[in-house]
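Participant: Quick one: the structure is below, questions incoming.
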Amino acid sequence: MSKLTEQVNPIEDFDWASYENGDVQAAESHESLEAKYDNTLNALKDNEVVIGTVIAMNKREVVVNVGYKSDGIIPSSEFRYNPDLKVGDQVECYIDSQEDKKGQLVLSHKKARLSRSWQRVNEALENNEVFKGLIKCRTKGGMIVDAFGIEAFLPGSQIDVKPIRDYDTFVGQVMEFKVVKINQEFRNVVVSHKALIEAEIEDQKKNIISQLEKGQILEGTVKNITSYGVFIDLGGVDGLIHITDLSWGRVSHPEEIVSLDQKLQVVILNFDDEKKRIALGLKQLSAHPWDALDANLQVGDKVKGKVVVMADYGAFVEIAPGVEGLIHVSEMSWSQHLRSAQDFLKVGDEVEAVILTLDRENRKMSLGIKQLKADPWENIETKYAVGSKHTAKVRNFTTFGVFVELEEGVDGLIHISDLSWTKKFKHPSEFTQIGADIEVVVLEIDKENRRLSLGHKQLDENPWDALESSFAVDSVVEGTITEIKDKGAVVSLGQGVEGFAFSKQLAKEDGSVAKEGEKLNFRVTEFNKDTHHISLSHTRTWQAGEDGESKKKKSAPKKADTVNITLEKATLGDISALAALKDQLSEK
């Protein structure tokens with residue numbers, strides 16, 4: 001017997017019948033054997049990260065053994081960041097699925113890195129950890145930083161305590177950061193470099209502020225310029241020079257005075273220990289211009305300056321840096337018309353003016369430019385004597401008259417009653433219009449109140465003297481009704497003359513009432529040349545008899561009739577009565 005035969009011992013309880021039927025299962029159950037096999041494998045769960053070993057790789061795939069019953073395959077593209085990857089290296093793997101439709105284990109290295117990075121970012125926020133990150137590129141409002149493999153946002157304000165002017169210089173730099181904010185829902189991460197140095201700066205600020213005093217002069221560097229002021233770096237702590245404290249003169253923008261990185265001597269005006277605010281001044285280092293103003297300057301002197309500010313009520317003129325005077329709009333022209341200062345001046349104009357008031361104590365000055373011209377009212381009696389005729393321009397209307405301007409600063413009023421001798425107007429706009437030229441006569445001068453009373457109708461003779469014979473009382477004239485009013489009608493009599501007939505005097509012989517536009521005969525019942533009034537009646541024209549006298553007058557006996565009646569009665573009486581009547585007639 002051979003040596004091999006001697007060493008092989010048959011299994012006493014081997015089931016040869018089952019072997020012949022193809023069942024090689026031992027006495028131990030299939031389930032127990034399977035359980036023993038499963039215990040030799042790693043227990044994996046979906047969506048968790050495990051460590052695997054690279055067992056094979058090519059240009060397209062990397063095969064990784066994670067100790068499971070099957071190996072997983074990861075695309076090679078997920079390892080581009082690691083060109084030195086080789087068989088045997090351990091890598092992080094994310095369990096996407098333990099078994100896909102093909103029964104294959106699905107792994108992802110990219111998701112594993114992202115999950116691990118997200119975990120690291122959260123740990124960094126919880127532990128207030130300082131880490132190093134690479135600034136990858138610029139973006140709107142800041143930079144993109146690689147934080148544990150996650151793209152985090154670095155706001156421009158969080159790069160440094162100083163304002164950053166050139167962001168591109170930081171691209172590619174490795175700097176220390178702290179995670180300051182995480183949005184779990186959108187997976188956004190915000191980091192800061194400024195937060196690392198703020199604590200140190202705060203201690204430095206406290207130390208500097210504790211040594212500050214009002215009035216102290218320090219040297220600083222212009223750190224930032226805004227529309228309202230300039231921020232100065234005093235060596236670890238910032239102060240603000242408000243725009244009003246940059247210069248004694250007016251400043252439109254701080255850039256007119258200072259520039260970035262410029263070194264300046266500044267004075268401390270005020271500071272707040274709690275709020276860490278420091279108010280600085282630049283103009284306070286030089287004397288106030290009012291103190292250096294010429295001591296011989298006085299009211300009435302002429303000065304030259306530049307318009308720096310305009311308002312509706314006037315213009316501010318700078319006659320020296322920091323020394324301004326106000327030209328009120330009323331001091332820009334002798335004219336009495338209310339106008340805006342912009343009608344006379346604009347910012348930047350070089351002007352000459354006269355000093356009207358000068359208050360050195362309160363540093364105020366008022367100026368005037370109309371005083372450079374002669375006051376037109378000084379010789380008003382000579383230039384615009386009463387009775388003189390002139391051409392004026394219509395400036396404005398009121399219900400009672402027309403305001404006109406003879407020249408700049410000389411205005412006058414034409415009363416509505418002085419527009420025409422014969423025609424009456426409801427409003428002056430019926431006679432003329434604004435901007436039109438009108439001939440006037442000076443009626444009265446009020447020099448104290450700077451007022452002229454003017455007339456237009458006085459250019460012609462008063463026609464009412466001649467009209468008195470044409471429109472004698474009880475005469476009959478022809479007229480046209482031009483307007484019907486509540487109490488009667490306005491009647492045009494020609495020659496620009498109008499009369500008025502009361503309603504009861506408009507009755508016609510046929511019983512109707514005269515209407516507007518009718519041409520009729522009218523009897524003059526009243527003529528008043530002082531009030532320029534003519535009263536008319538149409539009714540009395542058709543009530544008149546053959547002798548031309550009205551029936552109403554005929555029914556009332558005249559004085560001559562009375563005499564006749566008396567005579568008739570006396571004739572029937574005694575002779576003594578007749579003698580008395582003769583004496584009466586003689587007196588008549």
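Identifiers in the structure tokens: chain A, B, ... in order shown; residue index from 1 per chain; ligand index from 1 in order shown.
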Please list as a PyMOL selection string every residue within 9 Å of Glu324 of chain A, counting only C-alpha atoms and excluding residues in the same chain fewer than 4 positions away.
Facilitator: chain A and resi 249+305+308+316-320+363-366
Participant: Considering only C-alpha atoms, return as a VMD selection string whatever protein or nucleic-acid residues lie within 8 Å of segment 54-68 of chain A, sequence-local ones (same chain, fewer than 2 positions apart) excluded.
Facilitator: chain A and resid 41 to 44 50 to 52 70 to 77 86 to 91
Participant: Name the residues in contact with Pro376 of chain A at a cut-off of 9 Å, using only C-alpha atoms, excluding same-chain residues fewer than 6 positions from it; report them as a PyMOL selection string.
Facilitator: chain A and resi 334+383+407-410
Participant: Give the answer as one residue: which of A:Val230, A:Val106, A:Leu419, A:Ala279 has the shortest atom-to-atom distance to Leu212 of chain A, using only C-alpha atoms?
Facilitator: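 Between A:Val230, A:Val106, A:Leu419, A:Ala279, the residue approaching Leu212 of chain A most closely is A:Ala279.
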Participant: Using only C-alpha atoms, which residues sit within 12 Å of Leu260 of chain A once same-chain residues fewer than 3 positions away are excluded, as a ChimeraX atom specification?
Facilitator: /A:163,165,220-226,230-233,254-257,263-264
Participant: I need the chosen residues saved as a compact mmCIF listing (two decimals), in the first residue's frame, with N, CA and C atoms.
Facilitator:
```
# COMPACT_ATOMS: atom_id res chain seq x y z
N PRO A 163 -9.89 97.82 3.55
CA PRO A 163 -10.60 97.63 2.28
C PRO A 163 -9.65 97.10 1.21
N ARG A 165 -8.57 96.68 -2.60
CA ARG A 165 -8.74 97.37 -3.87
C ARG A 165 -8.49 96.45 -5.05
N GLY A 220 -1.98 110.02 10.45
CA GLY A 220 -2.71 108.86 9.97
C GLY A 220 -2.62 108.74 8.47
N THR A 221 -3.15 107.63 7.96
CA THR A 221 -3.14 107.36 6.53
C THR A 221 -4.57 107.23 6.04
N VAL A 222 -4.84 107.86 4.92
CA VAL A 222 -6.19 107.78 4.34
C VAL A 222 -6.45 106.32 3.92
N LYS A 223 -7.45 105.74 4.58
CA LYS A 223 -7.76 104.33 4.36
C LYS A 223 -8.92 104.14 3.38
N ASN A 224 -9.90 105.01 3.50
CA ASN A 224 -11.08 104.89 2.63
C ASN A 224 -11.73 106.26 2.49
N ILE A 225 -12.33 106.52 1.31
CA ILE A 225 -12.99 107.80 1.04
C ILE A 225 -14.44 107.51 0.66
N THR A 226 -15.35 108.16 1.35
CA THR A 226 -16.78 108.02 1.04
C THR A 226 -17.35 109.40 0.74
N VAL A 230 -13.91 110.82 5.35
CA VAL A 230 -12.67 110.08 5.08
C VAL A 230 -12.30 109.26 6.32
N PHE A 231 -12.00 107.97 6.11
CA PHE A 231 -11.55 107.10 7.19
C PHE A 231 -10.02 107.12 7.23
N ILE A 232 -9.51 107.35 8.43
CA ILE A 232 -8.07 107.47 8.64
C ILE A 232 -7.59 106.33 9.52
N ASP A 233 -6.54 105.63 9.08
CA ASP A 233 -5.91 104.58 9.87
C ASP A 233 -4.88 105.24 10.78
N PRO A 254 -15.09 114.57 -0.68
CA PRO A 254 -13.78 114.52 -0.01
C PRO A 254 -12.60 114.34 -0.96
N GLU A 255 -12.84 113.75 -2.14
CA GLU A 255 -11.73 113.53 -3.08
C GLU A 255 -11.12 114.84 -3.56
N GLU A 256 -11.84 115.95 -3.37
CA GLU A 256 -11.28 117.26 -3.73
C GLU A 256 -10.15 117.66 -2.79
N ILE A 257 -10.13 117.06 -1.59
CA ILE A 257 -9.16 117.47 -0.56
C ILE A 257 -8.07 116.42 -0.36
N LYS A 263 -0.82 110.55 3.69
CA LYS A 263 -0.56 110.72 5.12
C LYS A 263 -0.97 112.13 5.54
N LEU A 264 -1.70 112.22 6.66
CA LEU A 264 -2.24 113.50 7.10
C LEU A 264 -2.01 113.71 8.58
```
Participant: Excluding same-chain residues fewer than 6 positions from Asp474 of chain A, what lies within 6 Å of it counting only C-alpha atoms, as a ChimeraX atom specification?
Facilitator: /A:523-525
Participant: Could you write out that same residue set with N, CA, C and O atoms as a PDB file, in the first residue's frame?
Facilitator:
```pdb
ATOM      1  N   ARG A 523     -85.107 156.002 -25.577  1.00  0.00           N
ATOM      2  CA  ARG A 523     -85.169 157.378 -25.091  1.00  0.00           C
ATOM      3  C   ARG A 523     -84.180 157.516 -23.937  1.00  0.00           C
ATOM      4  O   ARG A 523     -84.128 156.660 -23.050  1.00  0.00           O
ATOM      5  N   VAL A 524     -83.335 158.541 -23.955  1.00  0.00           N
ATOM      6  CA  VAL A 524     -82.371 158.802 -22.888  1.00  0.00           C
ATOM      7  C   VAL A 524     -83.119 159.349 -21.683  1.00  0.00           C
ATOM      8  O   VAL A 524     -83.779 160.398 -21.771  1.00  0.00           O
ATOM      9  N   THR A 525     -83.006 158.614 -20.573  1.00  0.00           N
ATOM     10  CA  THR A 525     -83.690 159.055 -19.348  1.00  0.00           C
ATOM     11  C   THR A 525     -82.720 159.654 -18.342  1.00  0.00           C
ATOM     12  O   THR A 525     -83.145 160.369 -17.426  1.00  0.00           O
TER      13      THR A 525
END
```
Participant: Please identify all polymer residues within 9 Å of segment 386-395 of chain A, counting only C-alpha atoms, omitting same-chain residues fewer than 5 positions from it, and present them as a PDB file with N, CA and C atoms, in the first residue's frame.
Facilitator:
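So result.pdb came out as:
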```pdb
ATOM      1  N   HIS A 337     -40.899 142.064  -8.836  1.00  0.00           N
ATOM      2  CA  HIS A 337     -41.524 140.787  -9.160  1.00  0.00           C
ATOM      3  C   HIS A 337     -40.816 139.656  -8.423  1.00  0.00           C
ATOM      4  N   GLU A 381     -39.274 161.274 -10.090  1.00  0.00           N
ATOM      5  CA  GLU A 381     -40.103 162.436 -10.436  1.00  0.00           C
ATOM      6  C   GLU A 381     -39.674 163.079 -11.742  1.00  0.00           C
ATOM      7  N   VAL A 402     -54.379 146.346 -13.994  1.00  0.00           N
ATOM      8  CA  VAL A 402     -53.264 145.741 -14.721  1.00  0.00           C
ATOM      9  C   VAL A 402     -51.954 146.237 -14.127  1.00  0.00           C
ATOM     10  N   PHE A 403     -51.060 145.297 -13.766  1.00  0.00           N
ATOM     11  CA  PHE A 403     -49.726 145.666 -13.303  1.00  0.00           C
ATOM     12  C   PHE A 403     -48.786 145.675 -14.494  1.00  0.00           C
ATOM     13  N   VAL A 404     -48.055 146.777 -14.668  1.00  0.00           N
ATOM     14  CA  VAL A 404     -47.136 146.909 -15.788  1.00  0.00           C
ATOM     15  C   VAL A 404     -45.757 147.292 -15.272  1.00  0.00           C
ATOM     16  N   GLU A 405     -44.728 147.045 -16.108  1.00  0.00           N
ATOM     17  CA  GLU A 405     -43.349 147.388 -15.771  1.00  0.00           C
ATOM     18  C   GLU A 405     -42.835 148.382 -16.800  1.00  0.00           C
ATOM     19  N   LEU A 406     -42.420 149.564 -16.309  1.00  0.00           N
ATOM     20  CA  LEU A 406     -41.875 150.592 -17.184  1.00  0.00           C
ATOM     21  C   LEU A 406     -40.402 150.321 -17.480  1.00  0.00           C
ATOM     22  N   GLU A 407     -39.670 149.838 -16.472  1.00  0.00           N
ATOM     23  CA  GLU A 407     -38.286 149.379 -16.607  1.00  0.00           C
ATOM     24  C   GLU A 407     -38.011 148.499 -15.397  1.00  0.00           C
ATOM     25  N   ASP A 411     -42.489 149.658 -11.413  1.00  0.00           N
ATOM     26  CA  ASP A 411     -43.780 149.071 -11.760  1.00  0.00           C
ATOM     27  C   ASP A 411     -44.890 150.080 -11.515  1.00  0.00           C
ATOM     28  N   GLY A 412     -46.008 149.837 -12.142  1.00  0.00           N
ATOM     29  CA  GLY A 412     -47.165 150.697 -11.944  1.00  0.00           C
ATOM     30  C   GLY A 412     -48.452 149.922 -12.121  1.00  0.00           C
ATOM     31  N   THR A 432     -56.360 143.632 -22.654  1.00  0.00           N
ATOM     32  CA  THR A 432     -54.977 143.382 -23.075  1.00  0.00           C
ATOM     33  C   THR A 432     -54.559 141.995 -22.616  1.00  0.00           C
ATOM     34  N   GLN A 433     -53.285 141.669 -22.806  1.00  0.00           N
ATOM     35  CA  GLN A 433     -52.784 140.354 -22.399  1.00  0.00           C
ATOM     36  C   GLN A 433     -51.378 140.478 -21.817  1.00  0.00           C
ATOM     37  N   ILE A 434     -50.994 139.482 -20.994  1.00  0.00           N
ATOM     38  CA  ILE A 434     -49.681 139.493 -20.328  1.00  0.00           C
ATOM     39  C   ILE A 434     -48.569 139.439 -21.373  1.00  0.00           C
ATOM     40  N   GLY A 435     -47.580 140.298 -21.202  1.00  0.00           N
ATOM     41  CA  GLY A 435     -46.456 140.369 -22.131  1.00  0.00           C
ATOM     42  C   GLY A 435     -46.624 141.408 -23.214  1.00  0.00           C
ATOM     43  N   ALA A 436     -47.844 141.958 -23.345  1.00  0.00           N
ATOM     44  CA  ALA A 436     -48.101 142.949 -24.388  1.00  0.00           C
ATOM     45  C   ALA A 436     -47.606 144.328 -23.961  1.00  0.00           C
ATOM     46  N   ASP A 437     -47.269 145.151 -24.921  1.00  0.00           N
ATOM     47  CA  ASP A 437     -46.895 146.546 -24.655  1.00  0.00           C
ATOM     48  C   ASP A 437     -48.164 147.390 -24.587  1.00  0.00           C
ATOM     49  N   ILE A 438     -48.159 148.385 -23.727  1.00  0.00           N
ATOM     50  CA  ILE A 438     -49.320 149.254 -23.563  1.00  0.00           C
ATOM     51  C   ILE A 438     -48.851 150.676 -23.289  1.00  0.00           C
ATOM     52  N   GLU A 439     -49.499 151.631 -23.911  1.00  0.00           N
ATOM     53  CA  GLU A 439     -49.174 153.037 -23.703  1.00  0.00           C
ATOM     54  C   GLU A 439     -49.867 153.524 -22.430  1.00  0.00           C
ATOM     55  N   VAL A 440     -49.129 154.280 -21.604  1.00  0.00           N
ATOM     56  CA  VAL A 440     -49.667 154.738 -20.323  1.00  0.00           C
ATOM     57  C   VAL A 440     -49.321 156.208 -20.087  1.00  0.00           C
ATOM     58  N   VAL A 441     -50.081 156.778 -19.165  1.00  0.00           N
ATOM     59  CA  VAL A 441     -49.828 158.136 -18.686  1.00  0.00           C
ATOM     60  C   VAL A 441     -49.654 158.054 -17.175  1.00  0.00           C
ATOM     61  N   VAL A 442     -48.622 158.722 -16.639  1.00  0.00           N
ATOM     62  CA  VAL A 442     -48.384 158.732 -15.197  1.00  0.00           C
ATOM     63  C   VAL A 442     -49.414 159.636 -14.543  1.00  0.00           C
ATOM     64  N   LEU A 443     -50.208 159.095 -13.617  1.00  0.00           N
ATOM     65  CA  LEU A 443     -51.243 159.860 -12.925  1.00  0.00           C
ATOM     66  C   LEU A 443     -50.787 160.314 -11.551  1.00  0.00           C
ATOM     67  N   GLU A 444     -50.024 159.419 -10.850  1.00  0.00           N
ATOM     68  CA  GLU A 444     -49.631 159.748  -9.474  1.00  0.00           C
ATOM     69  C   GLU A 444     -48.363 158.969  -9.112  1.00  0.00           C
ATOM     70  N   ILE A 445     -47.497 159.567  -8.281  1.00  0.00           N
ATOM     71  CA  ILE A 445     -46.240 158.935  -7.853  1.00  0.00           C
ATOM     72  C   ILE A 445     -46.244 158.789  -6.332  1.00  0.00           C
ATOM     73  N   LEU A 459     -54.780 158.954 -22.402  1.00  0.00           N
ATOM     74  CA  LEU A 459     -54.077 159.296 -23.633  1.00  0.00           C
ATOM     75  C   LEU A 459     -55.009 160.039 -24.594  1.00  0.00           C
TER      76      LEU A 459
END
```
Participant: Which residues are near Asn362 of chain A? Cut-off 12 Å, only C-alpha atoms, ignore same chain within fewer than 4 positions. Put them as a list of chain:residue names.
Facilitator: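 Using only C-alpha atoms, the neighbours found are A:Trp290, A:Asp291, A:Val323, A:Thr357, A:Leu358.
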Participant: Write out, as an mmCIF file, in the first residue's frame, the residues just selected, with all heavy atoms.
Facilitator:
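The result, written out as part_36.cif:
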```cif
data_model
loop_
_atom_site.group_PDB
_atom_site.id
_atom_site.type_symbol
_atom_site.label_atom_id
_atom_site.label_comp_id
_atom_site.auth_asym_id
_atom_site.auth_seq_id
_atom_site.Cartn_x
_atom_site.Cartn_y
_atom_site.Cartn_z
ATOM 1 N N TRP A 290 -12.389 133.478 8.715
ATOM 2 C CA TRP A 290 -13.016 134.715 9.183
ATOM 3 C C TRP A 290 -12.073 135.511 10.084
ATOM 4 O O TRP A 290 -12.124 136.735 10.137
ATOM 5 C CB TRP A 290 -14.312 134.397 9.932
ATOM 6 C CG TRP A 290 -15.511 134.338 9.016
ATOM 7 C CD1 TRP A 290 -15.977 133.261 8.345
ATOM 8 C CD2 TRP A 290 -16.370 135.428 8.681
ATOM 9 N NE1 TRP A 290 -17.078 133.590 7.602
ATOM 10 C CE2 TRP A 290 -17.354 134.925 7.792
ATOM 11 C CE3 TRP A 290 -16.414 136.776 9.021
ATOM 12 C CZ2 TRP A 290 -18.361 135.714 7.261
ATOM 13 C CZ3 TRP A 290 -17.425 137.568 8.487
ATOM 14 C CH2 TRP A 290 -18.385 137.043 7.619
ATOM 15 N N ASP A 291 -11.213 134.758 10.803
ATOM 16 C CA ASP A 291 -10.262 135.441 11.686
ATOM 17 C C ASP A 291 -9.188 136.170 10.885
ATOM 18 O O ASP A 291 -8.577 137.118 11.377
ATOM 19 C CB ASP A 291 -9.602 134.426 12.632
ATOM 20 C CG ASP A 291 -10.620 133.748 13.535
ATOM 21 O OD1 ASP A 291 -11.671 134.372 13.808
ATOM 22 O OD2 ASP A 291 -10.381 132.594 13.951
ATOM 23 N N VAL A 323 -15.092 131.804 3.717
ATOM 24 C CA VAL A 323 -15.825 133.042 3.987
ATOM 25 C C VAL A 323 -16.875 133.221 2.889
ATOM 26 O O VAL A 323 -16.529 133.414 1.719
ATOM 27 C CB VAL A 323 -14.884 134.262 4.021
ATOM 28 C CG1 VAL A 323 -15.680 135.535 4.284
ATOM 29 C CG2 VAL A 323 -13.817 134.078 5.080
ATOM 30 N N THR A 357 -24.463 143.756 4.987
ATOM 31 C CA THR A 357 -24.290 143.584 6.439
ATOM 32 C C THR A 357 -23.049 142.747 6.672
ATOM 33 O O THR A 357 -22.715 141.874 5.856
ATOM 34 C CB THR A 357 -25.510 142.887 7.088
ATOM 35 O OG1 THR A 357 -25.632 141.556 6.557
ATOM 36 C CG2 THR A 357 -26.797 143.669 6.829
ATOM 37 N N LEU A 358 -22.372 142.983 7.805
ATOM 38 C CA LEU A 358 -21.154 142.249 8.129
ATOM 39 C C LEU A 358 -21.138 141.981 9.627
ATOM 40 O O LEU A 358 -21.046 142.911 10.435
ATOM 41 C CB LEU A 358 -19.923 143.054 7.711
ATOM 42 C CG LEU A 358 -18.553 142.408 7.935
ATOM 43 C CD1 LEU A 358 -18.449 141.100 7.162
ATOM 44 C CD2 LEU A 358 -17.441 143.364 7.518
#
```
Participant: Interatomic distance between atom CA of Ile209 of chain A and atom CA of Phe271 of chain A?
Facilitator: 8.1 Å
Participant: At most 9 Å is the cut-off: for each residue in segment 210-326 of chain A with any atom that close to an atom of segment 200-205 of chain A, write down the nearest atom pair and the distance in Å rounded to one decimal, counting only C-alpha atoms, chain first then increasing number, as CSV.
Facilitator:
```
residue,atom,partner,partner_atom,distance
A:Ser210,CA,A:Lys205,CA,8.4
A:Gly236,CA,A:Lys205,CA,6.4
A:Val237,CA,A:Lys205,CA,5.4
A:Asp238,CA,A:Lys205,CA,8.7
A:Lys276,CA,A:Lys205,CA,7.6
```
Participant: With C-alpha atoms retained, write the just-selected residues as an mmCIF file, in the first residue's frame.
Facilitator:
```
data_model
loop_
_atom_site.group_PDB
_atom_site.id
_atom_site.type_symbol
_atom_site.label_atom_id
_atom_site.label_comp_id
_atom_site.auth_asym_id
_atom_site.auth_seq_id
_atom_site.Cartn_x
_atom_site.Cartn_y
_atom_site.Cartn_z
ATOM 1 C CA SER A 210 -7.176 104.488 26.258
ATOM 2 C CA GLY A 236 -4.527 99.867 14.267
ATOM 3 C CA VAL A 237 -7.614 101.949 14.936
ATOM 4 C CA ASP A 238 -9.713 103.969 12.481
ATOM 5 C CA LYS A 276 -14.770 102.631 19.499
#
```
Participant: So, counting only C-alpha atoms, which residue among A:Val145, A:Ala374, A:Val309, A:Ile484 is closest to Asp349 of chain A?
Facilitator: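 Using only C-alpha atoms, the shortest distance to Asp349 of chain A belongs to A:Val309.
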Participant: Of the candidates A:Pro155, A:Gly479, A:Gly348, A:Pro289, which shows the shortest atom-to-atom distance to Gly517 of chain A, using only C-alpha atoms?
Facilitator: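 Going through A:Pro155, A:Gly479, A:Gly348, A:Pro289 one by one, the smallest distance to Gly517 of chain A is for A:Gly479.
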Participant: Enumerate as a PyMOL selection string all residues of segment 369-462 of chain A assigned to alpha helix (DSSP H) by DSSP on the backbone, naming them with the chain letters and numbers the document uses.
Facilitator: chain A and resi 380-383
Participant: Considering only strand (DSSP E) as DSSP defines it on the backbone, what residues of segment 370-495 of chain A qualify? List them as a ChimeraX atom specification.
Facilitator: /A:389-398,401-407,410-415,437-446,451-455,476-484,488-494
Participant: One number please: atom CA of Glu468 of chain A to atom CA of Lys508 of chain A, in Å, one decimal.
Facilitator: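 That distance, rounded to one decimal, is 26.7 Å.
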Participant: Which of these, A:Leu452, A:Val179, A:Leu134, A:Leu154, has the shortest distance to Arg120 of chain A once you count only C-alpha atoms?
Facilitator: A:Val179
Participant: Which of these, A:Ser537, A:Ser340, A:Gln216, A:Gln265, has the shortest distance to Ala501 of chain A once you count only C-alpha atoms?
Facilitator: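 Once distances to Ala501 of chain A are computed over only C-alpha atoms, the minimum belongs to A:Ser537.
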Participant: Rank nothing, just name the residue among A:Ile182, A:Lys447, A:Leu293, A:Glu151 nearest to Asn379 of chain A, using only C-alpha atoms.
Facilitator: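 For Asn379 of chain A, the nearest of the given residues is A:Lys447.
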